[in-house]
file run09.cif (mmCIF, C-alpha atoms)
data_my_file
loop_
_atom_site.group_PDB
_atom_site.id
_atom_site.type_symbol
_atom_site.label_atom_id
_atom_site.label_comp_id
_atom_site.auth_asym_id
_atom_site.auth_seq_id
_atom_site.Cartn_x
_atom_site.Cartn_y
_atom_site.Cartn_z
ATOM 1 C CA MET T 1 0.670 3.273 8.592
ATOM 2 C CA PHE T 2 3.485 0.903 7.781
ATOM 3 C CA ILE T 3 5.745 1.215 4.742
ATOM 4 C CA LYS T 4 8.381 -1.136 3.449
ATOM 5 C CA GLN T 5 10.604 -0.061 0.585
ATOM 6 C CA HIS T 6 11.676 -2.609 -2.003
ATOM 7 C CA THR T 7 13.950 -2.222 -5.022
ATOM 8 C CA THR T 8 12.892 -4.104 -8.144
ATOM 9 C CA GLN T 9 15.311 -5.920 -10.449
ATOM 10 C CA ASP T 10 15.197 -2.943 -12.800
ATOM 11 C CA LYS T 11 16.110 -0.618 -9.879
ATOM 12 C CA ARG T 12 12.677 0.952 -9.411
ATOM 13 C CA ILE T 13 11.409 1.792 -5.927
ATOM 14 C CA LEU T 14 8.319 -0.125 -4.853
ATOM 15 C CA LEU T 15 6.552 0.811 -1.619
ATOM 16 C CA ALA T 16 4.329 -1.661 0.226
ATOM 17 C CA ILE T 17 1.974 0.467 2.329
ATOM 18 C CA CYS T 18 -0.656 -0.793 4.755
ATOM 19 C CA ASP T 19 -2.780 0.514 7.602
ATOM 20 C CA LYS T 20 -1.577 -0.215 11.122
ATOM 21 C CA GLU T 21 -4.892 -1.863 12.061
ATOM 22 C CA ILE T 22 -4.642 -4.585 9.425
ATOM 23 C CA LYS T 23 -0.900 -5.281 9.403
ATOM 24 C CA GLY T 24 -0.240 -8.903 10.264
ATOM 25 C CA GLN T 25 -3.602 -10.156 9.038
ATOM 26 C CA GLU T 26 -4.458 -12.524 6.237
ATOM 27 C CA ILE T 27 -7.623 -11.445 4.450
ATOM 28 C CA GLU T 28 -9.389 -13.937 2.162
ATOM 29 C CA GLU T 29 -12.548 -13.815 0.098
ATOM 30 C CA ASP T 30 -13.703 -15.973 -2.824
ATOM 31 C CA GLY T 31 -10.221 -17.399 -3.416
ATOM 32 C CA ALA T 32 -8.482 -13.991 -3.349
ATOM 33 C CA CYS T 33 -6.006 -13.338 -0.542
ATOM 34 C CA LEU T 34 -4.172 -10.344 0.900
ATOM 35 C CA ASN T 35 -1.375 -11.711 3.087
ATOM 36 C CA LEU T 36 -0.374 -8.796 5.301
ATOM 37 C CA LYS T 37 1.640 -11.181 7.513
ATOM 38 C CA ALA T 38 4.242 -11.579 4.790
ATOM 39 C CA ASP T 39 7.655 -9.940 4.981
ATOM 40 C CA PHE T 40 6.621 -7.857 1.953
ATOM 41 C CA TYR T 41 4.564 -5.565 4.243
ATOM 42 C CA ASN T 42 6.792 -5.854 7.328
ATOM 43 C CA GLY T 43 8.152 -2.313 7.242
ATOM 44 C CA GLU T 44 8.410 0.639 9.585
ATOM 45 C CA GLU T 45 5.564 2.589 11.119
ATOM 46 C CA VAL T 46 5.791 6.121 9.702
ATOM 47 C CA SER T 47 3.993 9.429 10.069
ATOM 48 C CA GLU T 48 1.798 10.727 7.278
ATOM 49 C CA GLU T 49 4.431 13.369 6.487
ATOM 50 C CA THR T 50 7.145 10.708 6.102
ATOM 51 C CA ALA T 51 4.795 8.560 4.036
ATOM 52 C CA ILE T 52 4.150 11.445 1.627
ATOM 53 C CA SER T 53 7.874 12.080 1.281
ATOM 54 C CA MET T 54 8.536 8.404 0.525
ATOM 55 C CA ILE T 55 5.634 8.186 -1.934
ATOM 56 C CA ARG T 56 7.022 11.131 -3.897
ATOM 57 C CA THR T 57 10.257 9.188 -4.546
ATOM 58 C CA ALA T 58 8.574 5.888 -5.470
ATOM 59 C CA ASP T 59 7.950 4.318 -8.865
ATOM 60 C CA LEU T 60 5.419 1.668 -7.782
ATOM 61 C CA LEU T 61 2.909 1.547 -4.935
ATOM 62 C CA ASN T 62 1.147 -1.449 -3.390
ATOM 63 C CA VAL T 63 -1.382 0.121 -1.011
ATOM 64 C CA VAL T 64 -3.777 -1.682 1.370
ATOM 65 C CA GLY T 65 -6.235 -0.236 3.866
ATOM 66 C CA THR T 66 -8.724 2.588 4.179
ATOM 67 C CA ARG T 67 -6.371 5.217 5.635
ATOM 68 C CA ALA T 68 -3.536 4.458 3.226
ATOM 69 C CA ILE T 69 -5.904 4.580 0.234
ATOM 70 C CA GLU T 70 -7.381 7.894 1.441
ATOM 71 C CA LEU T 71 -3.868 9.370 1.556
ATOM 72 C CA ILE T 72 -3.160 8.180 -1.987
ATOM 73 C CA LYS T 73 -6.446 9.713 -3.170
ATOM 74 C CA ARG T 74 -5.695 13.048 -1.421
ATOM 75 C CA LEU T 75 -2.365 13.122 -3.256
ATOM 76 C CA GLY T 76 -4.241 12.680 -6.551
ATOM 77 C CA LEU T 77 -2.631 9.321 -7.316
ATOM 78 C CA ALA T 78 -5.830 7.262 -7.388
ATOM 79 C CA HIS T 79 -9.589 7.526 -7.629
ATOM 80 C CA GLU T 80 -12.276 5.518 -5.844
ATOM 81 C CA ASP T 81 -13.205 3.586 -8.976
ATOM 82 C CA GLU T 82 -9.622 2.312 -9.300
ATOM 83 C CA THR T 83 -9.556 0.534 -5.944
ATOM 84 C CA LYS T 84 -10.544 -3.079 -5.385
ATOM 85 C CA LYS T 85 -11.709 -4.713 -2.150
ATOM 86 C CA ILE T 86 -11.329 -8.036 -0.387
ATOM 87 C CA CYS T 87 -13.612 -8.383 2.653
ATOM 88 C CA ASN T 88 -14.243 -4.626 2.464
ATOM 89 C CA VAL T 89 -10.499 -3.893 2.739
ATOM 90 C CA PRO T 90 -9.479 -1.615 -0.149
ATOM 91 C CA TYR T 91 -6.252 -2.110 -2.072
ATOM 92 C CA ILE T 92 -4.641 -0.716 -5.198
ATOM 93 C CA LEU T 93 -1.492 -1.194 -7.240
ATOM 94 C CA ILE T 94 -0.123 1.972 -8.851
ATOM 95 C CA THR T 95 2.646 2.595 -11.350
ATOM 96 C CA LEU T 96 3.893 6.181 -11.095
ATOM 97 C CA GLU T 97 5.491 8.012 -13.992
#
call {"tool": "encode", "arguments": {"input": "run09.cif", "output": "structure tokens"}}
result
Amino acid sequence: MFIKQHTTQDKRILLAICDKEIKGQEIEEDGACLNLKADFYNGEEVSEETAISMIRTADLLNVVGTRAIELIKRLGLAHEDETKKICNVPYILITLE
């Protein structure tokens, strides 16, 4: 998976996480769009172990893709009913405390 770390204006860490298979795509359905071509998702490819380590230091998560969502669910940070889909691609926005 790919992760790009951003720092918000209020100094919180936001991670943009997406599956390798969908990075660089633009997914549209019924006027909704996930632009995975954008610089926002243009991060580094990381191992699952590195991803977990980064997630544990984050304040906000923007997660797109089946594998990335499954990791977030395994970590107990989201449930199936909290995810949304565009063209069967799951995504979720999470604020961590």
call {"tool": "resolve_selection", "arguments": {"input": "run09.cif", "expression": "the PyMOL selection byres ((chain T and resi 16) around 7)", "output": "PDB file with C-alpha atoms, in the frame of the given file"}}
result
ATOM      1  CA  ILE T   3       5.745   1.215   4.742  1.00  0.00           C
ATOM      2  CA  LYS T   4       8.381  -1.136   3.449  1.00  0.00           C
ATOM      3  CA  GLN T   5      10.604  -0.061   0.585  1.00  0.00           C
ATOM      4  CA  LEU T  14       8.319  -0.125  -4.853  1.00  0.00           C
ATOM      5  CA  LEU T  15       6.552   0.811  -1.619  1.00  0.00           C
ATOM      6  CA  ILE T  17       1.974   0.467   2.329  1.00  0.00           C
ATOM      7  CA  CYS T  18      -0.656  -0.793   4.755  1.00  0.00           C
ATOM      8  CA  PHE T  40       6.621  -7.857   1.953  1.00  0.00           C
ATOM      9  CA  TYR T  41       4.564  -5.565   4.243  1.00  0.00           C
ATOM     10  CA  LEU T  61       2.909   1.547  -4.935  1.00  0.00           C
ATOM     11  CA  ASN T  62       1.147  -1.449  -3.390  1.00  0.00           C
ATOM     12  CA  VAL T  63      -1.382   0.121  -1.011  1.00  0.00           C
TER      13      VAL T  63
END
call {"tool": "residues_near_point", "arguments": {"input": "run09.cif", "point": "(-0.8, 12.7, -7.7)", "cutoff": "12 Å", "atoms": "only C-alpha atoms", "output": "MDAnalysis selection string"}}
result
chainID T and resid 52 55:56 58 71:79 94:97
call {"tool": "resolve_selection", "arguments": {"input": "run09.cif", "expression": "the PyMOL selection byres ((chain T and resi 65) around 9)", "output": "PyMOL selection string"}}
result
chain T and resi 17-22+63-64+66-70+89-91
call {"tool": "closest_residue", "arguments": {"input": "run09.cif", "among": "T:Lys23, T:Arg12, T:Asn88, T:Glu82", "to": "Glu45 (chain T)", "atoms": "all atoms listed in the file"}}
result
T:Lys23
call {"tool": "closest_residue", "arguments": {"input": "run09.cif", "among": "T:Ile13, T:Ile86, T:Ala32, T:Met1", "to": "Glu44 (chain T)", "atoms": "only C-alpha atoms"}}
result
T:Met1
call {"tool": "atom_distance", "arguments": {"input": "run09.cif", "atom1": "CA of Ile27 (chain T)", "atom2": "CA of Gly43 (chain T)"}}
result
18.4 Å
call {"tool": "atom_distance", "arguments": {"input": "run09.cif", "atom1": "CA of Leu93 (chain T)", "atom2": "CA of Ser47 (chain T)"}}
result
21.0 Å
